[in-house]
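Coordinates as given in query-v9.cif (mmCIF, C-alpha atoms and all ligand atoms):
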data_start
#
loop_
_atom_site.group_PDB
_atom_site.id
_atom_site.type_symbol
_atom_site.label_atom_id
_atom_site.label_comp_id
_atom_site.auth_asym_id
_atom_site.auth_seq_id
_atom_site.Cartn_x
_atom_site.Cartn_y
_atom_site.Cartn_z
ATOM 1 C CA MET N 1 84.111 38.670 -49.449
ATOM 2 C CA MET N 2 85.244 35.724 -47.324
ATOM 3 C CA GLY N 3 88.851 34.640 -46.837
ATOM 4 C CA LEU N 4 90.147 31.423 -48.355
ATOM 5 C CA SER N 5 92.489 28.723 -47.082
ATOM 6 C CA ILE N 6 94.541 26.863 -49.667
ATOM 7 C CA ALA N 7 96.463 23.651 -48.906
ATOM 8 C CA LEU N 8 99.512 23.250 -51.140
ATOM 9 C CA THR N 9 101.410 19.979 -51.452
ATOM 10 C CA LYS N 10 104.999 20.432 -50.400
ATOM 11 C CA GLY N 11 107.914 18.831 -52.205
ATOM 12 C CA ARG N 12 107.951 18.155 -55.939
ATOM 13 C CA LEU N 13 104.812 20.165 -56.787
ATOM 14 C CA GLU N 14 105.565 23.068 -54.485
ATOM 15 C CA LYS N 15 107.898 25.098 -56.665
ATOM 16 C CA GLN N 16 105.743 24.879 -59.776
ATOM 17 C CA THR N 17 102.549 25.717 -57.864
ATOM 18 C CA VAL N 18 104.148 28.727 -56.184
ATOM 19 C CA SER N 19 105.480 29.948 -59.513
ATOM 20 C CA MET N 20 101.965 29.669 -61.058
ATOM 21 C CA LEU N 21 100.523 31.763 -58.226
ATOM 22 C CA GLU N 22 103.335 34.259 -58.588
ATOM 23 C CA GLY N 23 102.724 34.502 -62.330
ATOM 24 C CA LEU N 24 99.107 35.409 -61.547
ATOM 25 C CA GLY N 25 100.196 38.269 -59.297
ATOM 26 C CA TYR N 26 99.218 36.652 -55.980
ATOM 27 C CA GLY N 27 101.176 37.933 -52.964
ATOM 28 C CA ILE N 28 103.197 34.808 -52.246
ATOM 29 C CA GLU N 29 106.543 36.349 -51.195
ATOM 30 C CA ALA N 30 106.341 34.558 -47.825
ATOM 31 C CA LEU N 31 106.001 31.188 -49.587
ATOM 32 C CA LYS N 32 109.101 31.830 -51.642
ATOM 33 C CA ASP N 33 111.228 32.665 -48.619
ATOM 34 C CA LYS N 34 109.650 30.289 -46.167
ATOM 35 C CA GLY N 35 112.291 28.858 -43.853
ATOM 36 C CA ARG N 36 110.540 26.249 -41.697
ATOM 37 C CA ALA N 37 107.184 28.072 -41.554
ATOM 38 C CA LEU N 38 104.097 26.132 -42.638
ATOM 39 C CA VAL N 39 101.351 28.781 -42.780
ATOM 40 C CA PHE N 40 101.581 31.886 -44.968
ATOM 41 C CA LYS N 41 99.360 34.910 -45.545
ATOM 42 C CA ASP N 42 98.967 36.303 -49.032
ATOM 43 C CA SER N 43 100.181 39.921 -49.034
ATOM 44 C CA ILE N 44 97.534 40.997 -51.576
ATOM 45 C CA GLU N 45 94.546 38.627 -51.456
ATOM 46 C CA ASP N 46 92.591 37.466 -48.410
ATOM 47 C CA ILE N 47 94.128 34.008 -48.656
ATOM 48 C CA GLN N 48 96.028 31.807 -46.220
ATOM 49 C CA TYR N 49 98.244 29.019 -47.581
ATOM 50 C CA PHE N 50 99.321 25.806 -45.783
ATOM 51 C CA LEU N 51 102.127 23.527 -46.916
ATOM 52 C CA VAL N 52 101.304 19.875 -46.235
ATOM 53 C CA LYS N 53 102.139 16.349 -47.381
ATOM 54 C CA SER N 54 100.054 15.117 -50.308
ATOM 55 C CA ASN N 55 97.804 12.710 -48.362
ATOM 56 C CA ASP N 56 97.174 15.398 -45.750
ATOM 57 C CA CYS N 57 96.208 17.903 -48.438
ATOM 58 C CA ILE N 58 93.164 15.763 -49.245
ATOM 59 C CA THR N 59 92.363 15.321 -45.538
ATOM 60 C CA TYR N 60 92.422 19.098 -44.924
ATOM 61 C CA VAL N 61 90.168 19.764 -47.919
ATOM 62 C CA ASN N 62 87.814 16.869 -47.067
ATOM 63 C CA HIS N 63 87.330 18.379 -43.603
ATOM 64 C CA GLY N 64 86.922 21.935 -44.897
ATOM 65 C CA VAL N 65 89.932 23.253 -43.005
ATOM 66 C CA ALA N 66 91.291 24.154 -46.427
ATOM 67 C CA ASP N 67 88.757 25.377 -49.003
ATOM 68 C CA ILE N 68 91.044 24.509 -51.897
ATOM 69 C CA GLY N 69 93.909 22.030 -52.331
ATOM 70 C CA VAL N 70 96.578 21.438 -54.949
ATOM 71 C CA VAL N 71 97.529 17.761 -55.063
ATOM 72 C CA GLY N 72 98.665 15.057 -57.489
ATOM 73 C CA LYS N 73 96.127 12.825 -59.239
ATOM 74 C CA ASP N 74 98.092 9.851 -57.838
ATOM 75 C CA THR N 75 97.124 10.889 -54.301
ATOM 76 C CA ILE N 76 93.507 11.530 -55.343
ATOM 77 C CA LEU N 77 93.236 8.041 -56.865
ATOM 78 C CA GLU N 78 94.759 6.379 -53.800
ATOM 79 C CA ASN N 79 92.769 8.146 -51.062
ATOM 80 C CA GLU N 80 89.148 8.508 -50.052
ATOM 81 C CA ASN N 81 88.222 11.835 -51.482
ATOM 82 C CA ASP N 82 84.904 13.646 -51.079
ATOM 83 C CA THR N 83 85.885 16.883 -52.836
ATOM 84 C CA TYR N 84 85.248 18.441 -56.233
ATOM 85 C CA GLU N 85 88.195 18.086 -58.625
ATOM 86 C CA LEU N 86 87.866 21.267 -60.673
ATOM 87 C CA LEU N 87 91.057 21.816 -62.603
ATOM 88 C CA ASP N 88 94.051 20.026 -64.128
ATOM 89 C CA LEU N 89 97.046 22.322 -63.587
ATOM 90 C CA LYS N 90 99.087 20.333 -66.151
ATOM 91 C CA ILE N 91 102.167 20.498 -63.932
ATOM 92 C CA GLY N 92 103.838 17.650 -62.050
ATOM 93 C CA LYS N 93 103.233 15.411 -65.048
ATOM 94 C CA CYS N 94 104.178 11.760 -64.616
ATOM 95 C CA LYS N 95 102.675 8.287 -65.044
ATOM 96 C CA PHE N 96 101.629 5.307 -62.976
ATOM 97 C CA ILE N 97 103.513 2.358 -64.442
ATOM 98 C CA VAL N 98 103.937 -1.372 -63.880
ATOM 99 C CA ALA N 99 107.599 -2.413 -63.922
ATOM 100 C CA SER N 100 109.752 -5.418 -63.182
ATOM 101 C CA LEU N 101 113.177 -6.873 -63.821
ATOM 102 C CA PRO N 102 113.379 -7.813 -67.543
ATOM 103 C CA GLN N 103 113.459 -11.545 -66.798
ATOM 104 C CA ASN N 104 110.452 -11.289 -64.492
ATOM 105 C CA GLN N 105 107.615 -11.164 -67.031
ATOM 106 C CA LEU N 106 104.824 -11.056 -64.506
ATOM 107 C CA PHE N 107 101.988 -10.935 -67.060
ATOM 108 C CA SER N 108 102.950 -14.387 -68.320
ATOM 109 C CA LYS N 109 103.951 -15.775 -64.935
ATOM 110 C CA VAL N 110 101.965 -18.733 -63.670
ATOM 111 C CA GLY N 111 101.206 -18.914 -59.953
ATOM 112 C CA HIS N 112 101.383 -16.433 -57.119
ATOM 113 C CA ILE N 113 102.340 -12.864 -58.109
ATOM 114 C CA LYS N 114 103.535 -10.273 -55.610
ATOM 115 C CA ILE N 115 103.415 -6.530 -56.356
ATOM 116 C CA GLY N 116 105.246 -3.923 -54.282
ATOM 117 C CA THR N 117 103.809 -0.403 -54.228
ATOM 118 C CA LYS N 118 103.243 2.817 -52.310
ATOM 119 C CA TYR N 119 99.772 2.821 -53.923
ATOM 120 C CA PRO N 120 97.914 -0.377 -52.899
ATOM 121 C CA THR N 121 94.462 0.852 -53.992
ATOM 122 C CA VAL N 122 95.628 1.879 -57.459
ATOM 123 C CA ALA N 123 97.636 -1.346 -57.861
ATOM 124 C CA LYS N 124 94.767 -3.578 -56.710
ATOM 125 C CA GLN N 125 92.291 -1.881 -59.071
ATOM 126 C CA TYR N 126 94.689 -2.123 -61.997
ATOM 127 C CA PHE N 127 95.306 -5.869 -61.594
ATOM 128 C CA LEU N 128 91.611 -6.545 -60.951
ATOM 129 C CA SER N 129 90.846 -4.796 -64.255
ATOM 130 C CA LYS N 130 93.269 -7.257 -65.891
ATOM 131 C CA GLY N 131 91.523 -10.180 -64.178
ATOM 132 C CA MET N 132 94.657 -10.912 -62.137
ATOM 133 C CA ASP N 133 94.475 -11.747 -58.438
ATOM 134 C CA VAL N 134 97.828 -10.543 -57.092
ATOM 135 C CA GLU N 135 99.229 -10.061 -53.604
ATOM 136 C CA ILE N 136 99.892 -6.388 -52.877
ATOM 137 C CA ILE N 137 102.811 -5.553 -50.585
ATOM 138 C CA LYS N 138 102.735 -1.974 -49.256
ATOM 139 C CA ILE N 139 106.096 -0.226 -49.367
ATOM 140 C CA ASP N 140 106.757 3.323 -48.184
ATOM 141 C CA GLY N 141 109.620 4.438 -50.436
ATOM 142 C CA SER N 142 112.347 3.413 -52.888
ATOM 143 C CA VAL N 143 109.928 0.867 -54.336
ATOM 144 C CA GLU N 144 112.423 -0.020 -57.086
ATOM 145 C CA LEU N 145 114.490 -1.858 -54.502
ATOM 146 C CA ALA N 146 111.793 -4.447 -53.734
ATOM 147 C CA PRO N 147 111.961 -6.571 -56.926
ATOM 148 C CA ILE N 148 115.764 -6.386 -56.914
ATOM 149 C CA LEU N 149 115.860 -7.909 -53.437
ATOM 150 C CA GLY N 150 113.178 -10.450 -54.293
ATOM 151 C CA LEU N 151 110.403 -9.043 -52.104
ATOM 152 C CA CYS N 152 108.055 -8.917 -55.093
ATOM 153 C CA ASP N 153 107.778 -9.815 -58.789
ATOM 154 C CA GLY N 154 106.951 -6.312 -59.951
ATOM 155 C CA ILE N 155 105.970 -2.831 -58.842
ATOM 156 C CA VAL N 156 103.296 -0.206 -59.472
ATOM 157 C CA ASP N 157 104.892 3.184 -59.046
ATOM 158 C CA ILE N 158 105.240 6.693 -60.392
ATOM 159 C CA MET N 159 107.632 7.353 -63.242
ATOM 160 C CA GLU N 160 108.636 10.886 -64.120
ATOM 161 C CA THR N 161 111.902 10.831 -66.079
ATOM 162 C CA GLY N 162 112.371 7.035 -65.915
ATOM 163 C CA THR N 163 115.865 7.492 -64.464
ATOM 164 C CA THR N 164 115.235 5.590 -61.223
ATOM 165 C CA LEU N 165 113.883 2.552 -63.107
ATOM 166 C CA LYS N 166 116.746 2.598 -65.606
ATOM 167 C CA GLU N 167 119.469 2.959 -63.012
ATOM 168 C CA ASN N 168 118.046 -0.015 -61.139
ATOM 169 C CA GLY N 169 117.663 -2.240 -64.206
ATOM 170 C CA LEU N 170 113.857 -2.311 -64.236
ATOM 171 C CA VAL N 171 111.687 -2.160 -67.368
ATOM 172 C CA VAL N 172 108.198 -0.719 -67.875
ATOM 173 C CA LEU N 173 105.611 -3.414 -68.681
ATOM 174 C CA ASP N 174 102.532 -1.191 -68.859
ATOM 175 C CA THR N 175 101.213 2.306 -68.173
ATOM 176 C CA VAL N 176 98.320 2.493 -65.726
ATOM 177 C CA CYS N 177 97.425 6.161 -66.303
ATOM 178 C CA ASP N 178 98.805 9.682 -66.639
ATOM 179 C CA ILE N 179 99.131 11.880 -63.577
ATOM 180 C CA SER N 180 99.293 15.656 -63.034
ATOM 181 C CA ALA N 181 98.487 18.159 -60.304
ATOM 182 C CA ARG N 182 94.797 18.878 -59.731
ATOM 183 C CA VAL N 183 92.868 21.572 -57.871
ATOM 184 C CA ILE N 184 90.335 20.129 -55.442
ATOM 185 C CA VAL N 185 87.640 22.094 -53.611
ATOM 186 C CA ASN N 186 85.730 21.349 -50.419
ATOM 187 C CA LYS N 187 82.045 20.803 -51.277
ATOM 188 C CA ALA N 188 80.688 23.191 -48.635
ATOM 189 C CA SER N 189 83.238 25.872 -49.557
ATOM 190 C CA PHE N 190 82.168 25.542 -53.183
ATOM 191 C CA LYS N 191 78.640 26.614 -52.126
ATOM 192 C CA LEU N 192 79.399 29.046 -49.301
ATOM 193 C CA LYS N 193 82.422 30.809 -50.846
ATOM 194 C CA HIS N 194 81.474 30.270 -54.471
ATOM 195 C CA SER N 195 82.672 33.587 -55.925
ATOM 196 C CA GLU N 196 85.960 33.524 -53.966
ATOM 197 C CA VAL N 197 86.671 29.905 -54.945
ATOM 198 C CA MET N 198 85.753 30.492 -58.582
ATOM 199 C CA LYS N 199 88.018 33.535 -58.824
ATOM 200 C CA VAL N 200 91.014 31.381 -57.866
ATOM 201 C CA ILE N 201 89.925 28.571 -60.219
ATOM 202 C CA GLU N 202 89.406 31.000 -63.116
ATOM 203 C CA ASP N 203 92.756 32.700 -62.475
ATOM 204 C CA LEU N 204 94.565 29.353 -62.397
ATOM 205 C CA SER N 205 92.678 28.143 -65.447
ATOM 206 C CA ARG N 206 93.765 31.246 -67.372
ATOM 207 C CA LYS N 207 97.374 30.581 -66.358
ATOM 208 C CA VAL N 208 97.160 26.908 -67.422
ATOM 209 C CA ASN N 209 95.821 27.919 -70.855
ATOM 210 C CA ALA N 210 98.431 30.672 -71.266
ATOM 211 C CA ASP N 211 101.234 28.250 -70.323
ATOM 212 C CA VAL N 212 99.901 25.636 -72.767
ATOM 213 C CA ASP N 213 99.860 28.263 -75.561
ATOM 214 C CA THR N 214 103.429 29.297 -74.719
ATOM 215 C CA ASN N 215 104.610 25.686 -74.960
ATOM 216 C CA LEU N 216 102.909 24.998 -78.328
HETATM 217 C C1 LIG W 301 109.206 8.723 -56.972
HETATM 218 C C2 LIG W 301 108.851 7.348 -57.474
HETATM 219 C C3 LIG W 301 110.144 6.864 -58.094
HETATM 220 C C4 LIG W 301 110.767 8.156 -58.618
HETATM 221 C C5 LIG W 301 110.538 8.254 -60.104
HETATM 222 O O1 LIG W 301 109.803 8.591 -55.726
HETATM 223 O O2 LIG W 301 108.388 6.513 -56.434
HETATM 224 O O3 LIG W 301 110.973 6.265 -57.127
HETATM 225 O O4 LIG W 301 110.099 9.246 -57.946
HETATM 226 O O5 LIG W 301 111.152 9.406 -60.666
HETATM 227 P P1 LIG W 301 111.993 9.319 -62.015
HETATM 228 O O6 LIG W 301 111.185 8.552 -63.038
HETATM 229 O O7 LIG W 301 112.171 10.762 -62.444
HETATM 230 O O8 LIG W 301 113.311 8.659 -61.722
HETATM 231 P P2 LIG W 301 110.177 9.815 -54.797
HETATM 232 O O9 LIG W 301 111.301 10.590 -55.350
HETATM 233 O O10 LIG W 301 108.926 10.616 -54.583
HETATM 234 O O11 LIG W 301 110.720 9.144 -53.452
HETATM 235 P P3 LIG W 301 110.329 7.859 -52.598
HETATM 236 O O12 LIG W 301 110.517 6.643 -53.470
HETATM 237 O O13 LIG W 301 111.281 7.859 -51.468
HETATM 238 O O14 LIG W 301 108.897 8.041 -52.184
#
Re-express the file's structure as structure tokens.
Amino acid sequence: MMGLSIALTKGRLEKQTVSMLEGLGYGIEALKDKGRALVFKDSIEDIQYFLVKSNDCITYVNHGVADIGVVGKDTILENENDTYELLDLKIGKCKFIVASLPQNQLFSKVGHIKIGTKYPTVAKQYFLSKGMDVEIIKIDGSVELAPILGLCDGIVDIMETGTTLKENGLVVLDTVCDISARVIVNKASFKLKHSEVMKVIEDLSRKVNADVDTNL
């Protein structure tokens, strides 16, 4: 048997991913009590975990430094990704939406339209699919602020509870697509460590199905 490296996305997805692994009986005590550490050894399985930012998760798996990654579909859609996407973990559920101030009906606006977003690739593809040639303005955070200050006419962003939009007086004009956490696998690892990789995928898949049944 060969050891595995798994890149986990830190932040919003982290807690739910760790609790899935814990529910499966993986030895993730170190991940639960992590302090500032970034690399963790499983106390039962021959697995090493890394905690990384979402974009970096894809980079580590693309390069085979991590065999497996857990990352949001939003990040997969935005980045160049040469991995196999094998499983929807059905956690971290949210949506890509188009939003604006209520008076700023950008779909009926004539003339130049500016869209602020952390996701320029997703935004560009969405508006192209609508036959609209818009200017994309890349923003790194708190995207909701941009239309309020007049930097753009609308935004493409992630909505989870909708609270941020509501509290800033923005309305949803359209949904681009649903998002959830996915398991990605390095292509070489999929061949060379097939049984090890598939054990993790099958375990996680069992957990996803059990959790879905519980929530029915
Ligand atoms: C995301 C997103 C929205 C917010 C939506 O930002 O960009 O701002 O969450 O969540 P809600 O619908 O539950 O209110 P994030 O918290 O990741 O921070 P950032 O804007 O600084 O990137």
Using all atoms listed in the file, find each residue of chain N with at least one atom at most 8 Å away from an atom of ligand LIG 301 (chain W); report its shortest atom-to-atom pair and that distance in Å (one decimal), sort the rows by chain and rising residue number, and return the result as a tab-separated table.
residue	atom	partner	partner_atom	distance
N:Arg12	CA	W:LIG301	O10	7.7
N:Cys94	CA	W:LIG301	O6	7.9
N:Lys118	CA	W:LIG301	O2	7.6
N:Asp140	CA	W:LIG301	O14	6.5
N:Gly141	CA	W:LIG301	O12	3.9
N:Ser142	CA	W:LIG301	O12	3.8
N:Val143	CA	W:LIG301	O12	5.9
N:Glu144	CA	W:LIG301	O3	6.5
N:Asp157	CA	W:LIG301	O2	5.5
N:Ile158	CA	W:LIG301	C2	4.7
N:Met159	CA	W:LIG301	O6	3.8
N:Glu160	CA	W:LIG301	O6	3.6
N:Thr161	CA	W:LIG301	O7	3.6
N:Gly162	CA	W:LIG301	O6	3.5
N:Thr163	CA	W:LIG301	O8	3.9
N:Thr164	CA	W:LIG301	O8	3.7
N:Leu165	CA	W:LIG301	O8	6.3
N:Lys166	CA	W:LIG301	O8	8.0
Go ahead and write the selection's residues with C-alpha atoms as a PDB file, in the coordinates of the input.
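Once written, out_11.pdb looks like this:
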ATOM      1  CA  ARG N  12     107.951  18.155 -55.939  1.00  0.00           C
ATOM      2  CA  CYS N  94     104.178  11.760 -64.616  1.00  0.00           C
ATOM      3  CA  LYS N 118     103.243   2.817 -52.310  1.00  0.00           C
ATOM      4  CA  ASP N 140     106.757   3.323 -48.184  1.00  0.00           C
ATOM      5  CA  GLY N 141     109.620   4.438 -50.436  1.00  0.00           C
ATOM      6  CA  SER N 142     112.347   3.413 -52.888  1.00  0.00           C
ATOM      7  CA  VAL N 143     109.928   0.867 -54.336  1.00  0.00           C
ATOM      8  CA  GLU N 144     112.423  -0.020 -57.086  1.00  0.00           C
ATOM      9  CA  ASP N 157     104.892   3.184 -59.046  1.00  0.00           C
ATOM     10  CA  ILE N 158     105.240   6.693 -60.392  1.00  0.00           C
ATOM     11  CA  MET N 159     107.632   7.353 -63.242  1.00  0.00           C
ATOM     12  CA  GLU N 160     108.636  10.886 -64.120  1.00  0.00           C
ATOM     13  CA  THR N 161     111.902  10.831 -66.079  1.00  0.00           C
ATOM     14  CA  GLY N 162     112.371   7.035 -65.915  1.00  0.00           C
ATOM     15  CA  THR N 163     115.865   7.492 -64.464  1.00  0.00           C
ATOM     16  CA  THR N 164     115.235   5.590 -61.223  1.00  0.00           C
ATOM     17  CA  LEU N 165     113.883   2.552 -63.107  1.00  0.00           C
ATOM     18  CA  LYS N 166     116.746   2.598 -65.606  1.00  0.00           C
TER      19      LYS N 166
END
The PyMOL selection byres (((chain N and resi 100) around 9) and not hetatm) resolved against shown file, as a PyMOL selection string: chain N and resi 98-99+101-106+144+147-148+152-155+165+169-173
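Interatomic distance, CA of Ile47 in chain N to CA of Thr59 in chain N: 19.0 Å.
Shortest separation to Gly35 in chain N among N:Cys177, N:Leu51, N:Leu128, N:Val200 occurs at residue N:Leu51, atoms counted being all atoms listed in the file.
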Computed interatomic separation between CA of Ile97 in chain N and CA of Asn186 in chain N (Å): 29.6 Å
Resolved residues for the PyMOL selection byres (((chain N and resi 178) around 9) and not hetatm) as a ChimeraX atom specification: /N:73-74,93-97,175-177,179-180
Counting all atoms listed in the file, the option among N:Leu8, N:Val197, N:Val122, N:Ala37 closest to Val52 in chain N: N:Leu8
Point-to-point distance from CA of Asp82 in chain N to CA of Ser129 in chain N, Å rounded to tenths: 23.4 Å
Test item: which residues lie within 9 Å of (97.1, 0.0, -57.7) counting all atoms listed in the file, as a list in words: Leu77, Glu78, Phe96, Thr117, Lys118, Tyr119, Pro120, Thr121, Val122, Ala123, Lys124, Gln125, Tyr126, Phe127, Ile136, Val156, Asp157 and Val176 of chain N
